[in-house]
Every structure is written in structure tokens, then in C-alpha cells.
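Have a look at final.txt; it's compact mmCIF, C-alpha atoms and all ligand atoms:
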# COMPACT_ATOMS: atom_id res chain seq x y z
CA MET O 205 79.50 129.18 87.63
CA ASP O 206 76.40 128.35 85.61
CA LEU O 207 74.16 125.39 86.44
CA GLN O 208 75.20 123.43 83.35
CA THR O 209 78.88 123.62 84.30
CA GLN O 210 78.13 122.67 87.88
CA THR O 211 76.09 119.67 86.71
CA GLU O 212 78.91 118.56 84.43
CA LEU O 213 81.47 118.93 87.24
CA LYS O 214 79.31 116.87 89.59
CA ARG O 215 79.16 114.20 86.90
CA LEU O 216 82.96 114.23 86.61
CA PHE O 217 83.28 114.03 90.41
CA GLU O 218 81.05 110.96 90.38
CA THR O 219 83.25 109.22 87.81
CA LYS O 220 86.07 109.22 90.38
CA LEU O 221 83.99 107.67 93.17
CA ASN O 222 85.09 104.04 93.11
CA ALA O 223 85.26 102.02 96.32
CA ALA O 224 88.85 103.05 97.13
CA MET O 225 88.12 106.74 96.64
CA ARG O 226 84.99 106.57 98.80
CA LEU O 227 87.08 104.94 101.51
CA TYR O 228 89.68 107.72 101.30
CA LEU O 229 86.98 110.39 101.49
CA GLU O 230 84.97 108.78 104.29
CA THR O 231 87.63 107.31 106.59
CA CYS O 232 89.79 110.26 107.68
CA THR O 233 89.57 110.75 111.46
CA ARG O 234 91.49 114.07 111.38
CA CYS O 235 94.09 112.43 113.60
CA GLY O 236 96.80 114.67 112.11
CA VAL O 237 99.46 111.95 111.78
CA CYS O 238 100.00 112.99 108.14
CA VAL O 239 100.63 116.64 108.98
CA ASP O 240 104.39 116.46 109.45
CA ALA O 241 104.80 114.03 106.55
CA CYS O 242 104.28 116.67 103.86
CA HIS O 243 107.42 118.48 102.72
CA VAL O 244 105.33 121.53 101.85
CA TYR O 245 103.98 121.84 105.39
CA GLN O 246 107.42 121.08 106.86
CA SER O 247 108.85 123.95 104.82
CA MET O 248 105.84 126.32 104.93
CA PRO O 249 103.80 125.45 108.05
CA GLU O 250 100.26 126.41 107.08
CA ILE O 251 97.28 124.08 107.56
CA LYS O 252 96.31 124.39 103.87
CA TYR O 253 99.61 122.66 103.04
CA THR O 254 98.88 119.54 105.09
CA ALA O 255 97.52 116.42 103.43
CA VAL O 256 94.37 116.53 105.54
CA GLY O 257 93.94 120.27 104.90
CA ARG O 258 94.16 119.80 101.12
CA ALA O 259 91.67 116.95 101.13
CA GLU O 260 89.16 118.80 103.30
CA VAL O 261 87.83 121.00 100.51
CA ILE O 262 87.18 117.94 98.33
CA ARG O 263 85.56 116.11 101.25
CA LYS O 264 83.18 119.00 101.93
CA VAL O 265 81.99 119.05 98.31
CA PHE O 266 81.69 115.24 98.40
CA LEU O 267 79.57 115.47 101.55
CA LYS O 268 77.25 118.05 100.01
CA TYR O 269 76.42 116.17 96.84
CA PHE O 270 77.15 112.50 97.42
CA LYS O 271 76.29 111.78 101.08
CA LEU O 272 72.84 111.73 102.63
CA GLU O 273 73.81 113.82 105.69
CA GLY O 274 75.23 116.55 103.47
CA LYS O 275 72.07 116.63 101.40
CA VAL O 276 69.63 116.74 104.34
CA ALA O 277 71.65 118.76 106.90
CA PRO O 278 73.95 121.14 105.02
CA TRP O 279 73.61 123.74 107.82
CA LEU O 280 75.96 121.64 109.95
CA GLY O 281 78.75 123.56 108.25
CA GLU O 282 80.64 120.56 106.93
CA VAL O 283 79.69 121.13 103.32
CA ILE O 284 80.58 123.62 100.63
CA PRO O 285 78.94 124.13 97.23
CA LEU O 286 80.69 123.34 93.98
CA ASP O 287 81.17 126.90 92.75
CA ASP O 288 83.95 129.20 91.54
CA VAL O 289 85.29 129.64 95.09
CA ALA O 290 85.56 125.86 95.49
CA ILE O 291 87.32 125.61 92.13
CA ASP O 292 89.88 128.21 93.27
CA ARG O 293 90.48 126.16 96.41
CA PHE O 294 90.78 122.98 94.33
CA TYR O 295 93.53 124.66 92.29
CA ASP O 296 95.45 125.79 95.38
CA ALA O 297 95.21 122.32 96.94
CA ALA O 298 96.05 120.28 93.84
CA TYR O 299 98.85 122.40 92.45
CA SER O 300 100.66 122.75 95.76
CA CYS O 301 100.72 118.95 96.11
CA THR O 302 103.41 117.08 94.22
CA GLY O 303 101.58 113.76 94.42
CA CYS O 304 104.55 112.27 96.27
CA ARG O 305 102.33 110.13 98.55
CA ARG O 306 104.64 110.44 101.55
CA CYS O 307 101.56 111.29 103.62
CA MET O 308 100.00 107.97 102.64
CA VAL O 309 102.91 106.05 104.20
CA TYR O 310 102.21 107.76 107.53
CA CYS O 311 98.39 107.67 107.50
CA PRO O 312 97.12 104.76 109.67
CA PHE O 313 94.37 104.14 107.10
CA GLY O 314 96.59 104.48 104.03
CA ILE O 315 94.57 107.42 102.74
CA ASP O 316 95.96 108.44 99.36
CA THR O 317 95.84 112.24 99.21
CA GLN O 318 97.30 112.21 95.72
CA MET O 319 94.21 110.22 94.59
CA ILE O 320 91.94 112.72 96.32
CA MET O 321 93.79 115.51 94.51
CA SER O 322 93.09 113.71 91.24
CA ILE O 323 89.42 114.67 91.74
CA ALA O 324 90.43 118.33 92.03
CA LYS O 325 92.61 118.09 88.91
CA LEU O 326 89.87 116.41 86.88
CA LEU O 327 87.33 119.05 87.88
CA LEU O 328 89.81 121.82 87.01
CA VAL O 329 90.08 120.33 83.51
CA GLY O 330 86.26 120.16 83.35
CA ALA O 331 85.99 123.81 84.42
CA ASP O 332 88.69 124.85 81.91
CA ARG O 333 90.78 126.04 84.87
CA GLU O 334 93.74 123.67 84.54
CA PRO O 335 97.26 125.14 84.08
CA LYS O 336 97.28 126.18 80.42
CA LEU O 337 100.97 125.49 79.92
CA LEU O 338 100.54 121.83 80.92
CA SER O 339 97.46 121.66 78.73
CA MET O 340 99.36 122.98 75.72
CA LEU O 341 102.26 120.56 76.28
CA ALA O 342 99.84 117.62 76.55
CA ASP O 343 98.10 118.63 73.32
CA MET O 344 101.45 118.96 71.53
CA SER O 345 102.42 115.42 72.58
CA ILE O 346 99.13 114.06 71.28
CA ALA O 347 99.43 116.00 67.99
CA LYS O 348 102.90 114.56 67.48
CA GLY O 349 101.50 111.06 67.89
CA GLU O 350 98.91 111.78 65.21
CA ASP O 351 101.52 112.97 62.68
CA VAL O 352 104.57 110.74 63.09
CA GLU O 353 105.21 110.69 59.35
CA GLY O 354 105.23 114.49 59.16
CA SER O 355 108.09 114.77 61.66
CA ARG O 356 109.99 111.58 60.69
CA ALA O 357 112.61 113.17 58.39
CA GLY O 358 113.51 115.88 60.93
CA PHE O 359 113.64 113.35 63.75
CA GLU O 360 115.92 110.98 61.83
CA GLU O 361 118.28 113.81 60.94
CA ALA O 362 118.44 115.01 64.56
CA ILE O 363 119.19 111.47 65.74
CA THR O 364 121.95 111.00 63.14
CA ASN O 365 123.51 114.28 64.28
CA ILE O 366 123.92 113.08 67.87
CA GLU O 367 125.51 109.75 66.98
CA PRO O 368 129.09 111.08 67.30
CA GLU O 369 128.32 112.04 70.93
CA VAL O 370 127.21 108.45 71.61
CA GLU O 371 130.36 107.15 69.92
CA ALA O 372 132.45 109.39 72.17
CA LEU O 373 131.12 107.42 75.15
CA TRP O 374 131.14 103.97 73.53
CA LYS O 375 132.48 103.05 70.09
CA SER O 376 130.20 100.64 68.26
CA PRO O 377 131.60 98.01 65.87
CA PRO O 378 131.91 99.20 62.22
CA GLY O 379 128.65 98.89 60.29
CA LYS O 380 126.50 98.77 63.45
CA LYS O 381 123.82 101.45 63.65
CA VAL O 382 124.64 103.73 66.57
CA ILE O 383 121.05 104.78 67.28
CA PRO O 384 118.72 102.24 65.66
CA LEU O 385 115.21 103.34 64.68
CA GLY O 386 112.15 101.26 63.80
CA VAL O 387 113.76 97.87 64.50
CA GLU O 388 111.18 95.10 64.59
CA ASN O 389 111.47 92.34 67.22
CA ALA O 390 114.02 94.38 69.16
CA ASP O 391 114.76 93.27 72.72
CA VAL O 392 114.41 96.82 74.00
CA LEU O 393 112.42 99.87 72.90
CA PHE O 394 114.07 102.80 74.67
CA VAL O 395 111.77 105.77 75.27
CA GLY O 396 113.71 108.97 75.91
CA LEU O 397 112.81 112.60 76.46
CA SER O 398 112.82 115.36 73.88
CA GLY O 399 116.41 116.47 74.69
CA LYS O 400 119.44 114.63 73.32
CA HIS O 401 120.92 114.52 76.84
CA SER O 402 118.42 111.79 77.68
CA ILE O 403 119.24 109.66 74.62
CA ILE O 404 123.06 109.85 74.35
CA PRO O 405 124.07 108.09 77.62
CA ALA O 406 121.35 105.46 77.31
CA ALA O 407 122.37 104.70 73.71
CA ALA O 408 126.00 104.28 74.79
CA ILE O 409 125.00 101.83 77.55
CA LEU O 410 122.72 99.82 75.25
CA ASN O 411 125.46 99.64 72.60
CA ALA O 412 128.05 98.62 75.18
CA ALA O 413 125.71 95.84 76.33
CA GLY O 414 125.40 94.70 72.73
CA VAL O 415 121.63 94.31 72.93
CA ASN O 416 119.25 94.54 69.99
CA TRP O 417 117.50 97.83 70.75
CA THR O 418 115.59 100.58 69.02
CA LEU O 419 114.73 104.17 69.88
CA SER O 420 111.13 105.27 70.26
CA SER O 421 109.82 108.07 68.05
CA PHE O 422 108.17 109.58 71.12
CA GLU O 423 109.19 111.22 74.36
CA ALA O 424 108.20 109.48 77.58
CA VAL O 425 106.95 112.44 79.61
CA ASN O 426 103.18 112.43 80.13
CA PHE O 427 101.74 115.91 80.64
CA GLY O 428 98.25 114.39 80.68
CA ALA O 429 99.18 112.66 83.95
CA PHE O 430 100.37 115.95 85.48
CA LEU O 431 97.01 117.43 84.50
CA GLY O 432 95.09 114.50 85.99
CA ASP O 433 93.29 114.17 82.68
CA PRO O 434 92.64 110.45 82.02
CA LYS O 435 91.84 110.97 78.32
CA ARG O 436 95.04 112.82 77.53
CA THR O 437 97.11 110.55 79.79
CA LYS O 438 95.82 107.55 77.84
CA ALA O 439 96.36 109.21 74.45
CA ILE O 440 99.98 110.09 75.29
CA MET O 441 100.92 106.65 76.57
CA GLY O 442 98.88 105.05 73.79
CA ARG O 443 101.39 106.33 71.20
CA ILE O 444 104.18 104.36 72.87
CA ILE O 445 102.08 101.25 73.40
CA THR O 446 101.03 101.21 69.74
CA GLU O 447 104.65 101.62 68.64
CA ALA O 448 105.87 98.85 70.98
CA GLU O 449 103.16 96.48 69.73
CA ARG O 450 103.82 97.34 66.06
CA LEU O 451 107.55 96.68 66.48
CA LYS O 452 106.86 93.57 68.61
CA VAL O 453 109.55 94.51 71.14
CA LYS O 454 110.16 92.44 74.27
CA GLU O 455 110.72 95.30 76.71
CA VAL O 456 109.92 99.00 76.89
CA ALA O 457 112.62 100.83 78.88
CA ILE O 458 111.59 104.21 80.21
CA VAL O 459 114.16 106.98 80.47
CA GLU O 460 114.80 108.78 83.77
CA CYS O 461 111.25 110.14 84.19
CA GLY O 462 109.36 109.05 87.28
CA THR O 463 105.85 109.88 86.14
CA ALA O 464 106.34 108.30 82.72
CA TYR O 465 107.63 105.12 84.36
CA ARG O 466 104.77 104.91 86.84
CA VAL O 467 102.10 105.60 84.23
CA MET O 468 103.50 102.99 81.82
CA LYS O 469 104.19 100.41 84.52
CA GLN O 470 101.05 100.73 86.62
CA GLN O 471 98.33 102.29 84.49
CA THR O 472 98.46 100.63 81.09
CA GLY O 473 97.13 97.15 81.84
CA LYS O 474 98.60 93.99 80.33
CA HIS O 475 100.77 94.03 77.20
CA PRO O 476 102.90 91.59 75.23
CA PHE O 477 105.98 93.48 76.48
CA GLU O 478 107.51 94.26 79.87
CA VAL O 479 108.00 97.80 81.18
CA VAL O 480 111.24 98.64 83.00
CA ALA O 481 112.92 101.76 84.30
CA PHE O 482 116.24 102.28 82.54
CA VAL O 483 118.17 101.88 85.80
CA GLU O 484 116.87 98.31 86.02
CA LEU O 485 118.54 97.57 82.67
CA ILE O 486 121.83 99.12 83.79
CA ALA O 487 121.82 97.00 86.97
CA ARG O 488 120.89 93.88 85.00
CA TYR O 489 123.65 94.43 82.40
CA VAL O 490 126.24 94.88 85.16
CA ARG O 491 125.06 91.76 86.98
CA ASN O 492 125.09 89.54 83.89
CA GLY O 493 128.43 90.91 82.69
CA LYS O 494 127.14 92.68 79.57
CA ILE O 495 128.70 95.98 80.70
CA ASN O 496 131.56 96.91 83.01
CA LEU O 497 131.67 100.11 85.02
CA GLN O 498 134.71 101.69 86.61
CA LYS O 499 134.83 103.46 89.98
CA ASN O 500 135.63 106.92 88.70
CA ILE O 501 133.87 109.05 91.36
CA SER O 502 135.90 110.01 94.42
CA ASP O 503 133.67 112.82 95.74
CA LYS O 504 131.14 111.94 98.42
CA ILE O 505 127.90 111.22 96.54
CA THR O 506 124.31 110.69 97.67
CA TYR O 507 121.20 109.46 95.89
CA HIS O 508 117.71 110.99 95.76
CA ASP O 509 114.85 108.45 95.52
CA PRO O 510 112.34 109.96 93.09
CA CYS O 511 108.86 109.53 94.57
CA GLN O 512 107.34 108.02 91.43
CA VAL O 513 110.12 105.46 90.94
CA GLY O 514 110.83 104.75 94.62
CA ARG O 515 107.87 105.11 96.97
CA ASN O 516 105.30 104.72 94.19
CA GLY O 517 107.24 102.40 91.88
CA GLY O 518 109.11 100.18 94.35
CA ILE O 519 112.58 100.64 92.82
CA TYR O 520 115.09 101.29 95.60
CA GLU O 521 117.98 98.84 95.30
CA GLU O 522 118.93 98.93 91.60
CA PRO O 523 120.03 102.59 91.67
CA ARG O 524 122.03 102.00 94.86
CA PHE O 525 123.66 98.95 93.27
CA VAL O 526 124.63 101.05 90.21
CA VAL O 527 125.97 103.95 92.31
CA ARG O 528 128.14 101.51 94.26
CA GLN O 529 129.70 100.35 90.98
CA LEU O 530 130.87 103.92 90.43
CA THR O 531 132.24 104.89 93.83
CA ASP O 532 133.27 103.89 97.34
CA ALA O 533 132.08 107.26 98.62
CA PHE O 534 128.30 106.71 98.59
CA VAL O 535 126.34 108.10 101.55
CA GLU O 536 122.63 107.65 102.20
CA ALA O 537 120.42 110.67 102.68
CA ARG O 538 118.20 110.29 105.74
CA PRO O 539 115.35 109.52 105.63
CA ASN O 540 115.48 107.47 102.43
CA ARG O 541 113.58 104.91 100.34
CA GLU O 542 109.82 105.09 101.09
CA MET O 543 110.39 107.78 103.70
CA ASN O 544 112.50 110.00 101.46
CA TRP O 545 111.51 113.66 101.22
CA CYS O 546 110.01 114.66 97.89
CA CYS O 547 112.24 117.02 95.91
CA GLY O 548 109.29 119.41 95.61
CA GLY O 549 109.16 119.46 91.81
CA GLY O 550 106.58 116.79 91.02
CA GLY O 551 102.96 116.99 89.97
CA GLY O 552 103.80 119.24 87.02
CA LEU O 553 105.33 122.03 89.12
CA VAL O 554 108.69 122.01 87.31
CA ALA O 555 107.02 122.17 83.89
CA MET O 556 104.80 125.01 85.14
CA GLY O 557 107.73 127.10 86.39
CA GLU O 558 106.52 128.00 89.90
CA LEU O 559 110.11 128.66 91.00
CA GLU O 560 109.35 130.65 94.15
CA PHE O 561 106.88 128.09 95.49
CA ARG O 562 109.12 125.17 94.57
CA MET O 563 112.08 126.69 96.40
CA LYS O 564 110.14 127.67 99.53
CA SER O 565 108.22 124.39 99.77
CA ALA O 566 111.32 122.20 99.45
CA ARG O 567 113.53 123.78 102.10
CA VAL O 568 113.37 120.49 104.03
CA LYS O 569 114.79 118.69 100.97
CA ALA O 570 117.70 121.09 100.71
CA ASP O 571 118.41 120.64 104.45
CA GLN O 572 118.31 116.83 104.09
CA ILE O 573 120.88 116.80 101.28
CA LYS O 574 123.12 119.36 102.99
CA ALA O 575 123.20 117.12 106.08
CA THR O 576 124.79 114.28 104.07
CA GLY O 577 127.92 116.35 103.44
CA ALA O 578 127.88 115.06 99.86
CA LYS O 579 129.47 117.00 97.02
CA MET O 580 127.29 115.28 94.44
CA VAL O 581 123.69 114.11 94.30
CA CYS O 582 122.40 111.82 91.59
CA THR O 583 118.92 110.69 90.72
CA ILE O 584 116.92 108.86 88.05
CA CYS O 585 114.18 111.37 87.25
CA GLU O 586 114.51 114.37 84.96
CA ASN O 587 111.95 116.30 86.98
CA CYS O 588 113.83 115.69 90.25
CA HIS O 589 117.09 116.56 88.48
CA SER O 590 115.70 119.95 87.41
CA GLN O 591 114.30 120.66 90.86
CA LEU O 592 117.52 119.63 92.63
CA THR O 593 119.49 121.84 90.25
CA ASP O 594 117.27 124.80 91.16
CA LEU O 595 117.50 123.99 94.89
CA ASN O 596 121.28 123.75 94.62
CA GLU O 597 121.43 127.24 93.18
CA HIS O 598 118.77 128.78 95.44
CA TYR O 599 120.19 127.40 98.69
CA GLU O 600 123.83 127.75 97.54
CA MET O 601 124.55 124.10 98.28
CA GLY O 602 127.67 123.84 96.12
CA LEU O 603 126.67 120.43 94.73
CA LYS O 604 126.98 118.69 91.40
CA VAL O 605 123.55 117.37 90.40
CA GLU O 606 123.82 114.34 88.12
CA SER O 607 121.75 111.85 86.18
CA LEU O 608 122.69 108.31 87.24
CA THR O 609 122.42 107.08 83.64
CA ASN O 610 124.87 109.77 82.61
CA LEU O 611 127.30 108.82 85.37
CA ALA O 612 127.07 105.17 84.37
CA ALA O 613 127.66 105.99 80.68
CA LYS O 614 130.77 107.98 81.60
CA ALA O 615 132.07 105.00 83.61
CA LEU O 616 131.73 102.41 80.81
CA LYS O 617 134.91 100.41 80.29
CA LYS O 618 135.98 97.44 78.20
CA ALA O 619 136.06 94.10 79.98
S1 LIG T 701 101.10 113.68 98.32
FE1 LIG T 701 103.04 114.65 99.02
S2 LIG T 701 102.79 116.84 98.55
FE2 LIG T 701 100.74 115.90 98.46
S3 LIG T 701 99.88 116.17 100.53
FE3 LIG T 701 100.87 114.15 100.51
S4 LIG T 701 102.96 114.53 101.30
FE4 LIG T 701 102.12 116.55 100.67
S1 LIG T 702 96.81 110.59 108.87
FE1 LIG T 702 95.10 109.82 107.58
S2 LIG T 702 93.36 109.73 109.00
FE2 LIG T 702 94.90 111.03 110.00
S3 LIG T 702 94.38 113.14 109.34
FE3 LIG T 702 95.88 112.38 107.86
S4 LIG T 702 94.63 111.51 106.19
FE4 LIG T 702 93.27 111.73 107.98
Output the file's structure in the form of C-alpha cells.
Amino acid sequence: MDLQTQTELKRLFETKLNAAMRLYLETCTRCGVCVDACHVYQSMPEIKYTAVGRAEVIRKVFLKYFKLEGKVAPWLGEVIPLDDVAIDRFYDAAYSCTGCRRCMVYCPFGIDTQMIMSIAKLLLVGADREPKLLSMLADMSIAKGEDVEGSRAGFEEAITNIEPEVEALWKSPPGKKVIPLGVENADVLFVGLSGKHSIIPAAAILNAAGVNWTLSSFEAVNFGAFLGDPKRTKAIMGRIITEAERLKVKEVAIVECGTAYRVMKQQTGKHPFEVVAFVELIARYVRNGKINLQKNISDKITYHDPCQVGRNGGIYEEPRFVVRQLTDAFVEARPNREMNWCCGGGGGLVAMGELEFRMKSARVKADQIKATGAKMVCTICENCHSQLTDLNEHYEMGLKVESLTNLAAKALKKA
């Protein structure tokens, strides 16, 4: 690594050193309470897969450049230089961590290892060592935001083509647009994913509720957040914010995507609209009588709390309320809610592929679901859904893996 690059990386490191981050880097007592909290360590017991082990490489670089004792007494062995070896170790630490923050719940000081890993991810971007697939996907999202007009005709045609599939779930009144686009002053701007599977069930539920809604031109997923790149994270969510403000919508409802929900809800500041996870709308529409759901599931079913919606987003009860509208055979996985095991697919790992690592590192998740005896698991995050589908196949669990929005759409009934 040349001196110029190292200087630039040190500058980037410094941009992350706010008061909370300094506390996380300086407070760890190496007590080891977090060790067993990490699903990766539980499944692959190596010290480098503990929260404290991952953070150690960042702490040693921090000590060398940003603490007096590291500058004056580096021979004490607690420091390492910011060089190519350190960058390799940053990659291994950051991209074997899903950012689930289960370790933070256990740590007596509330040390946020995911935040510490955000330093590693930022420096990997600065060193041009970030995962190139995530980088390409982030750039494609941003390019799409810069050329909405160029893709409008194709997008509108694709949306029109899926309307019959929405109508198969819920028939709209004659003359009513099945998937509305560009509606000003709508109550809800629904932000889906790039696949039609994410739009069809949500459109059916919104139509059944009879609300004034409109579909976003953009997909919710934020590859900039997976990369830990603040500029690209902001650019990707900025497309949706600009659209919501232009249309003057009251609420932005985020599809089943944990990271997209957390980024929009917690990292975009104040707006003239509310941000909700789509499951919150489903629960609200059931409670206020706008939709009716039938109990059409007889198989034993469990629910997986996605880390970014549950532990990091605080949404635990709405999905359980919705599942209970669909079945009398709901069973909790244990542990659950803030203690739930991560599925092992977060932090960009599903998008990157990484099948072997994802399967090995989430053995504890497969064991947890098997122990419920459920025949079906549902969730409200596309990433978790993909990972659970892979786990189901790899560990021969014999499950059906379902999207809760999809299950709710299939259970819609007239009053
Ligand atoms: S955030 Fe999750 S994956 Fe990362 S160290 Fe903590 S428990 Fe492990
Ligand atoms: S539980 Fe907290 S203080 Fe203890 S080793 Fe883990 S991060 Fe450090």
C-alpha cells in the first residue's frame, strides 16, 4: 500500500470516529460475554468469528493512529499498521459479519460490533477492495435513479403485464387502476423490489383495503448500505425520498426488505411523510376492518424475526398478529424477538453468493427452526427468505419458506 492510499484511509477512519464509535472502540474489557451470541461462532467456533475477535483488528489500527499510547509505545504489541495485511483482515471480519447486532444485546456495555465493522467496510471501499458485485449493483441502482425517463416506458409495460396476477388475488372495481403509478397526494407510496413477486401480493392487499396508493419507480434494496458506503447509501435512498416528496405522499411503505426498511426509517432524518414496514400496514388494515383475512393455514408454522426489522427496527408484534389471523397452528421459534438467531444471510452475503459460508455459519439457525417442528416458516425480509430457502435445501429441513405478505394476500376474503 502506498503512502497516499494509507493517508486517505486514515482520513476515512477518522470520519467514523464520533463519540459513540470511540466509546465502542475504547470500552471493550474482553470479557467474552458476546462470544456465544454470534451465530457464526456458534456454528463455526473460531475466535475470528466472535464479535470481539472481529473488532480487535479495527481496535489495533485505531490504537496505532488515534491514541497516544499507540503512537508512543507501539512495541507493546497492541497495534497493527494500516497496510494490505490489515485490509485483508478487515475484509474477513466485515464480510463474515451479517450486521445482525445480536452481540450488542449481550454486551454489558452495548458495544455495537456492526458499527465497528462499518469502519472496515468504509476503508475497503476507500482501498477499492469492496466486493465488486455489490459495488456494481449499487452503481446500477444509482444510474437508474438518474435516468427514470429512459426506463419509464419499459417499466409501465412490465407493470401493466402483471396486473392480471394482482386481479387473481383481489378483483378491483371496474375502472380502478390495478397498479397505480405517479399518483400525487397518495396515502401510500409502496416501494417494492425488482421482481414482480414483491409487488403482486402487496398490490392485492392495498387494493383490497381500498386505499389511495401508488407504486414507486424504484426498488427498495440498498446495496450502498451493504457496502457500508455512506455516499451510495444516501444516493440510493435519495431517489425514493425525492419521489415521495414530489408526489406529496403521506406514507412510504417499504416492501419485505429489512435493510431497506432500517435505512429509510432510521437513517434519512425528518420528512413530510412517515416510513412504515409493509407488515405494519397489513396489521393496521386488519385492525381497522379495511381487509379481512381467513385462517387458511393448517400446517404448523413459525416466524423468523429478521434482524433489521426486529432487533434493529423494533417490529415484533405486527407480524405475529398477522400470522395469527392466518392460522391456529403458530409456534414460536426459541429464542425469538431481540434474541432471535440471525438467518446468516445479511450484510450483503446473499447478494454476494457465498453459499458455502452462509450454510456453514447458519447451522444454529437451521437447528433452531427444526426444533419448532414447524412445516412452514414465514418472514418479512427478502434476504432472510432467500437464506432460509437455501438453508432448507442444504439441511434437508422439508419446510415451506414463505413471505408473510404473500400468505396474507392469499388469505384475503370479502367481508
Ligand atoms: S453483528 Fe451479528 S454477525 Fe456480526 S459479530 Fe455481532 S452477532 Fe456476529
Ligand atoms: S461483551 Fe462487550 S465488552 Fe465483553 S468482549 Fe464482547 S464487546 Fe467486549
Can you tell me which residues surround Ile291 of chain O at a distance of at most 9 Å, considering only C-alpha atoms, apart from same-chain residues fewer than 2 positions away, and format the answer as a list of chain:residue names?
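So, after excluding close chain neighbours, the residues are O:Leu286, O:Asp287, O:Asp288, O:Val289, O:Arg293, O:Phe294, O:Tyr295, O:Asp296, O:Ala324, O:Leu327, O:Leu328, O:Ala331, O:Arg333.
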When the cut-off is 7 Å and you count all atoms listed in the file, which residues lie near ligand LIG 702 (chain T), shown as an MDAnalysis selection string?
chainID O and resid 231:239 255:256 310:315
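The space between atom CA of Gln572 of chain O and atom CA of Asp316 of chain O spans 24.3 Å.
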Compare O:Leu216, O:Ala224, O:Met441, O:Leu419 by their minimum atom-to-atom distance to Gly386 of chain O, counting only C-alpha atoms, and give me the closest one.
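Among the listed residues, O:Leu419 lies closest to Gly386 of chain O.
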Could you please determine the separation between atom CA of Ala241 of chain O and atom CA of Val265 of chain O in Å, to one decimal place?
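Those two atoms sit 24.8 Å apart.
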Interatomic distance (Å, one decimal) between atom CA of Thr446 of chain O and atom CA of Glu586 of chain O
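Between these atoms lies a distance of 24.2 Å.
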Please give me, as a VMD selection string, the residues lying within 10 Å of ligand LIG 701 (chain T) when counting all atoms listed in the file.
chain O and resid 238 to 246 252 to 259 297 to 311 315 to 321 511 545 to 551 565
Which of these residues is nearest to Phe359 of chain O, using only C-alpha atoms: O:Lys494, O:Lys375, O:Lys380, O:Lys400?
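Ranked by minimum distance to Phe359 of chain O, first place goes to O:Lys400.
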What are the nearest atom pairs, with distances in Å to one decimal, for all residues of segment 383-459 of chain O that come at most 8 Å from segment 464-468 of chain O, using only C-alpha atoms, set out by chain and rising residue number as JSON lines?
{"residue": "O:Ala424", "atom": "CA", "partner": "O:Ala464", "partner_atom": "CA", "distance": 5.6}
{"residue": "O:Val425", "atom": "CA", "partner": "O:Ala464", "partner_atom": "CA", "distance": 5.2}
{"residue": "O:Asn426", "atom": "CA", "partner": "O:Ala464", "partner_atom": "CA", "distance": 5.8}
{"residue": "O:Ala429", "atom": "CA", "partner": "O:Val467", "partner_atom": "CA", "distance": 7.6}
{"residue": "O:Met441", "atom": "CA", "partner": "O:Met468", "partner_atom": "CA", "distance": 6.9}
{"residue": "O:Ile458", "atom": "CA", "partner": "O:Tyr465", "partner_atom": "CA", "distance": 5.8}
{"residue": "O:Val459", "atom": "CA", "partner": "O:Tyr465", "partner_atom": "CA", "distance": 7.8}
Kindly indicate which residue among O:His401, O:Arg541, O:Lys564, O:Lys452 lies nearest to Ala613 of chain O, using all atoms listed in the file for the distances.
O:His401
Residue among O:Pro434, O:Asp594, O:Leu341, O:Thr219 lying closest to Glu560 of chain O, counting only C-alpha atoms:
O:Asp594
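With all atoms listed in the file as the basis for measurement, O:Thr583 is the residue among O:Ser345, O:Asn411, O:Ser376, O:Thr583 that approaches Arg524 of chain O most closely.
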Proximity to Val554 of chain O - best of O:Lys220, O:Ile501, O:Phe427, O:Glu522, all atoms listed in the file:
O:Phe427
Using only C-alpha atoms, which protein or nucleic acid residues come within 10 Å of Val453 of chain O? Drop anything in the same chain fewer than 4 positions from it, and give the result as a list in words.
Val387, Glu388, Asn389, Ala390, Asp391, Val392, Leu393, Asn416, Trp417, Thr418, Glu447, Ala448, Glu449, Pro476, Phe477 and Glu478 of chain O
